[in-house]
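Chemist: Submitted below is the structure of interest, expressed as structure tokens.
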Amino acid sequence: MKVRTILAPTDLSAQSMAGIRVAQNVARKFRASVVVLTVDDRDLPAGAISALEIHGRNPDRERIREMLKFLRRTLRDYGLDPSKFLLVVRKGSPARAIVDAAVERGVEMIVMSTHGRTGLSHVLVGSVAEQVVRLARCPVLTVKPSEILADT
């Protein structure tokens, strides 16, 4: 198996940063690049969009720009160098956006952490990682963040 590009999704939580650390380590072994993806699954209220558009600003572009700034800052806060990654922001449902980005970017592997939800919260919220494992066309390496974070 030849791995040239790895996709590492993040919701900007400490748990997902553990997945990025693992993706970076796997990438070193394969001499691959890492694409860090975060997904904007929130919608701006209609009034906010129209107010921004009236003033000649593109709310989607501005929001993506702000999310990229926040992603860079978050990576730095966790001791990761943002310049070592290709940073991508997508809109939509997290699992679907991750799988679509993997296909569009031709990645050979997805590395992502799990949040370890159990019981009722798992049933109600579900697991993005589970959905990605089911939908992805490439291998998905899921990481248990508690073990990674304990090592740092």
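Chain labels follow the order of the structure tokens: the first chain is A, the next B, and so on; residue numbering restarts at 1 in every chain, and ligands are counted from 1 in their shown order.
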I'd like the contact shell of Val107 (chain A) - 7 Å cut-off, only C-alpha atoms, skipping same-chain residues fewer than 3 positions apart - returned as a ChimeraX atom specification.
Modeler: /A:5-7,102-103
Chemist: Go ahead and dump the residues you just picked, N, CA and C atoms, as a PDB file, in the first residue's frame.
Modeler:
ATOM      1  N   THR A   5      -0.891  10.750   0.712  1.00  0.00           N
ATOM      2  CA  THR A   5      -1.648  11.814   1.373  1.00  0.00           C
ATOM      3  C   THR A   5      -2.572  11.212   2.422  1.00  0.00           C
ATOM      4  N   ILE A   6      -2.561  11.819   3.603  1.00  0.00           N
ATOM      5  CA  ILE A   6      -3.403  11.384   4.719  1.00  0.00           C
ATOM      6  C   ILE A   6      -4.330  12.537   5.082  1.00  0.00           C
ATOM      7  N   LEU A   7      -5.588  12.221   5.292  1.00  0.00           N
ATOM      8  CA  LEU A   7      -6.560  13.215   5.727  1.00  0.00           C
ATOM      9  C   LEU A   7      -6.747  13.065   7.234  1.00  0.00           C
ATOM     10  N   ALA A 102     -11.948  13.334   1.190  1.00  0.00           N
ATOM     11  CA  ALA A 102     -10.996  12.239   0.947  1.00  0.00           C
ATOM     12  C   ALA A 102     -11.008  11.827  -0.519  1.00  0.00           C
ATOM     13  N   VAL A 103     -12.187  11.736  -1.092  1.00  0.00           N
ATOM     14  CA  VAL A 103     -12.305  11.359  -2.507  1.00  0.00           C
ATOM     15  C   VAL A 103     -11.728  12.463  -3.396  1.00  0.00           C
TER      16      VAL A 103
END
Chemist: When you look at Met17 (chain A) with a cut-off of 9 Å (counting only C-alpha atoms), what residues show up, excluding the ones that are within fewer than 2 positions of it in the same chain? I need them as a PDB file with N, CA and C atoms, in the first residue's frame.
Modeler:
ATOM      1  N   THR A  10     -10.542  17.291  12.062  1.00  0.00           N
ATOM      2  CA  THR A  10     -10.547  17.800  13.428  1.00  0.00           C
ATOM      3  C   THR A  10     -11.798  18.618  13.696  1.00  0.00           C
ATOM      4  N   ASP A  11     -12.303  18.483  14.907  1.00  0.00           N
ATOM      5  CA  ASP A  11     -13.367  19.378  15.357  1.00  0.00           C
ATOM      6  C   ASP A  11     -12.783  20.422  16.310  1.00  0.00           C
ATOM      7  N   LEU A  12     -11.463  20.520  16.320  1.00  0.00           N
ATOM      8  CA  LEU A  12     -10.691  21.484  17.101  1.00  0.00           C
ATOM      9  C   LEU A  12     -10.651  21.156  18.590  1.00  0.00           C
ATOM     10  N   SER A  13     -11.066  19.962  18.965  1.00  0.00           N
ATOM     11  CA  SER A  13     -10.999  19.539  20.361  1.00  0.00           C
ATOM     12  C   SER A  13      -9.642  18.914  20.648  1.00  0.00           C
ATOM     13  N   ALA A  14      -9.319  18.785  21.930  1.00  0.00           N
ATOM     14  CA  ALA A  14      -8.066  18.127  22.323  1.00  0.00           C
ATOM     15  C   ALA A  14      -8.027  16.698  21.795  1.00  0.00           C
ATOM     16  N   GLN A  15      -9.179  16.010  21.834  1.00  0.00           N
ATOM     17  CA  GLN A  15      -9.226  14.629  21.344  1.00  0.00           C
ATOM     18  C   GLN A  15      -8.862  14.546  19.869  1.00  0.00           C
ATOM     19  N   GLY A  19      -5.539  12.787  17.151  1.00  0.00           N
ATOM     20  CA  GLY A  19      -5.594  12.146  15.840  1.00  0.00           C
ATOM     21  C   GLY A  19      -4.636  12.787  14.850  1.00  0.00           C
ATOM     22  N   ILE A  20      -4.499  14.097  14.923  1.00  0.00           N
ATOM     23  CA  ILE A  20      -3.573  14.797  14.025  1.00  0.00           C
ATOM     24  C   ILE A  20      -2.131  14.410  14.345  1.00  0.00           C
ATOM     25  N   ARG A  21      -1.813  14.271  15.623  1.00  0.00           N
ATOM     26  CA  ARG A  21      -0.459  13.832  16.009  1.00  0.00           C
ATOM     27  C   ARG A  21      -0.149  12.451  15.428  1.00  0.00           C
ATOM     28  N   VAL A  22      -1.114  11.547  15.510  1.00  0.00           N
ATOM     29  CA  VAL A  22      -0.911  10.201  14.953  1.00  0.00           C
ATOM     30  C   VAL A  22      -0.771  10.290  13.441  1.00  0.00           C
ATOM     31  N   THR A  74      -5.217  27.008  16.976  1.00  0.00           N
ATOM     32  CA  THR A  74      -5.453  25.804  17.767  1.00  0.00           C
ATOM     33  C   THR A  74      -4.320  24.797  17.586  1.00  0.00           C
ATOM     34  N   LEU A  75      -3.873  24.595  16.354  1.00  0.00           N
ATOM     35  CA  LEU A  75      -2.749  23.690  16.117  1.00  0.00           C
ATOM     36  C   LEU A  75      -1.521  24.155  16.901  1.00  0.00           C
ATOM     37  N   TYR A  78      -1.574  23.418  20.569  1.00  0.00           N
ATOM     38  CA  TYR A  78      -1.303  22.010  20.891  1.00  0.00           C
ATOM     39  C   TYR A  78       0.092  21.572  20.444  1.00  0.00           C
ATOM     40  N   LEU A  80       1.578  21.919  17.526  1.00  0.00           N
ATOM     41  CA  LEU A  80       1.694  21.454  16.141  1.00  0.00           C
ATOM     42  C   LEU A  80       1.969  22.656  15.236  1.00  0.00           C
ATOM     43  N   MET A 112      -8.230   9.565  12.204  1.00  0.00           N
ATOM     44  CA  MET A 112      -9.068  10.426  13.045  1.00  0.00           C
ATOM     45  C   MET A 112      -9.267   9.829  14.419  1.00  0.00           C
ATOM     46  N   SER A 113      -9.448  10.714  15.385  1.00  0.00           N
ATOM     47  CA  SER A 113      -9.678  10.239  16.738  1.00  0.00           C
ATOM     48  C   SER A 113     -11.162  10.000  16.963  1.00  0.00           C
ATOM     49  N   PRO A 145      -8.019   8.768  21.741  1.00  0.00           N
ATOM     50  CA  PRO A 145      -7.236   9.929  22.176  1.00  0.00           C
ATOM     51  C   PRO A 145      -6.710   9.835  23.598  1.00  0.00           C
ATOM     52  N   LEU A 149      -3.016  11.272  24.379  1.00  0.00           N
ATOM     53  CA  LEU A 149      -2.857  12.446  25.209  1.00  0.00           C
ATOM     54  C   LEU A 149      -2.077  12.132  26.479  1.00  0.00           C
TER      55      LEU A 149
END
Chemist: Find the residues around Pro9 (chain A) up to 7 Å (only C-alpha atoms counted), leave out those fewer than 4 positions away in its own chain, and share them as a PyMOL selection string.
Modeler: chain A and resi 36-38+98+112
Chemist: Using only C-alpha atoms, which of the listed residues (A:Arg72, A:Arg31, A:Arg96, A:Arg105) sits closest to Val132 (chain A)?
Modeler: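 When distances to Val132 (chain A) are compared using only C-alpha atoms, the smallest one comes from A:Arg96.
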Chemist: I need the residues of region 62-118 of chain A that end up classed as helix (DSSP H, G or I) by DSSP on the backbone, written out as a ChimeraX atom specification.
Modeler: /A:62-77,82-84,94-105
Chemist: What does the file look like for those residues with N, CA and C atoms, as a short mmCIF file (atom, residue, chain, number, x, y, z; two decimals), in the first residue's frame?
Modeler:
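Saved the output as selection-v8.cif:
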data_model
loop_
_atom_site.label_atom_id
_atom_site.label_comp_id
_atom_site.auth_asym_id
_atom_site.auth_seq_id
_atom_site.Cartn_x
_atom_site.Cartn_y
_atom_site.Cartn_z
N GLU A 62 -15.62 34.83 4.43
CA GLU A 62 -15.12 35.40 5.68
C GLU A 62 -15.14 34.36 6.80
N ARG A 63 -16.18 33.59 6.86
CA ARG A 63 -16.28 32.57 7.90
C ARG A 63 -15.17 31.52 7.73
N ILE A 64 -14.94 31.10 6.50
CA ILE A 64 -13.87 30.13 6.23
C ILE A 64 -12.52 30.73 6.61
N ARG A 65 -12.29 31.99 6.26
CA ARG A 65 -11.03 32.66 6.61
C ARG A 65 -10.86 32.68 8.14
N GLU A 66 -11.92 32.99 8.87
CA GLU A 66 -11.85 33.01 10.33
C GLU A 66 -11.61 31.61 10.89
N MET A 67 -12.25 30.61 10.30
CA MET A 67 -12.05 29.24 10.77
C MET A 67 -10.61 28.78 10.52
N LEU A 68 -10.02 29.17 9.39
CA LEU A 68 -8.63 28.82 9.12
C LEU A 68 -7.69 29.48 10.13
N LYS A 69 -7.96 30.75 10.47
CA LYS A 69 -7.15 31.42 11.49
C LYS A 69 -7.24 30.67 12.82
N PHE A 70 -8.48 30.32 13.18
CA PHE A 70 -8.69 29.62 14.45
C PHE A 70 -8.01 28.24 14.41
N LEU A 71 -8.08 27.55 13.28
CA LEU A 71 -7.44 26.25 13.14
C LEU A 71 -5.93 26.39 13.31
N ARG A 72 -5.32 27.38 12.67
CA ARG A 72 -3.87 27.60 12.82
C ARG A 72 -3.51 27.85 14.29
N ARG A 73 -4.28 28.71 14.94
CA ARG A 73 -4.01 29.04 16.34
C ARG A 73 -4.18 27.80 17.23
N THR A 74 -5.22 27.01 16.98
CA THR A 74 -5.45 25.80 17.77
C THR A 74 -4.32 24.80 17.59
N LEU A 75 -3.87 24.59 16.35
CA LEU A 75 -2.75 23.69 16.12
C LEU A 75 -1.52 24.16 16.90
N ARG A 76 -1.23 25.45 16.83
CA ARG A 76 -0.08 26.00 17.59
C ARG A 76 -0.25 25.77 19.08
N ASP A 77 -1.47 25.99 19.59
CA ASP A 77 -1.73 25.81 21.02
C ASP A 77 -1.44 24.37 21.47
N PRO A 82 1.37 24.58 12.05
CA PRO A 82 0.39 24.62 10.96
C PRO A 82 1.01 24.61 9.56
N SER A 83 2.25 25.09 9.43
CA SER A 83 2.89 25.13 8.12
C SER A 83 3.24 23.73 7.60
N LYS A 84 3.17 22.73 8.46
CA LYS A 84 3.49 21.35 8.07
C LYS A 84 2.29 20.65 7.42
N PRO A 94 -20.45 16.70 9.00
CA PRO A 94 -19.06 16.30 9.21
C PRO A 94 -18.66 15.00 8.51
N ALA A 95 -19.39 13.92 8.72
CA ALA A 95 -18.99 12.62 8.13
C ALA A 95 -18.98 12.71 6.60
N ARG A 96 -20.03 13.28 6.04
CA ARG A 96 -20.11 13.38 4.58
C ARG A 96 -19.01 14.27 4.03
N ALA A 97 -18.72 15.39 4.70
CA ALA A 97 -17.68 16.30 4.25
C ALA A 97 -16.30 15.64 4.31
N ILE A 98 -16.06 14.83 5.33
CA ILE A 98 -14.78 14.13 5.46
C ILE A 98 -14.61 13.14 4.32
N VAL A 99 -15.64 12.34 4.07
CA VAL A 99 -15.56 11.33 3.01
C VAL A 99 -15.43 12.00 1.64
N ASP A 100 -16.20 13.06 1.41
CA ASP A 100 -16.11 13.76 0.12
C ASP A 100 -14.73 14.38 -0.08
N ALA A 101 -14.18 14.98 0.97
CA ALA A 101 -12.84 15.58 0.87
C ALA A 101 -11.78 14.51 0.58
N ALA A 102 -11.95 13.33 1.19
CA ALA A 102 -11.00 12.24 0.95
C ALA A 102 -11.01 11.83 -0.52
N VAL A 103 -12.19 11.74 -1.09
CA VAL A 103 -12.31 11.36 -2.51
C VAL A 103 -11.73 12.46 -3.40
N GLU A 104 -12.13 13.70 -3.14
CA GLU A 104 -11.69 14.82 -3.98
C GLU A 104 -10.18 15.02 -3.93
N ARG A 105 -9.58 14.79 -2.78
CA ARG A 105 -8.14 15.00 -2.63
C ARG A 105 -7.33 13.74 -2.93
#
Chemist: Using CA of Ala129 (chain A) and CA of Ser93 (chain A) as the two end points, give the distance in Å to one decimal.
Modeler: 12.5 Å
Chemist: What does the structure give for the distance between CA of Val3 (chain A) and CA of Pro139 (chain A), in Å to one decimal?
Modeler: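 Between these atoms lies a distance of 10.4 Å.
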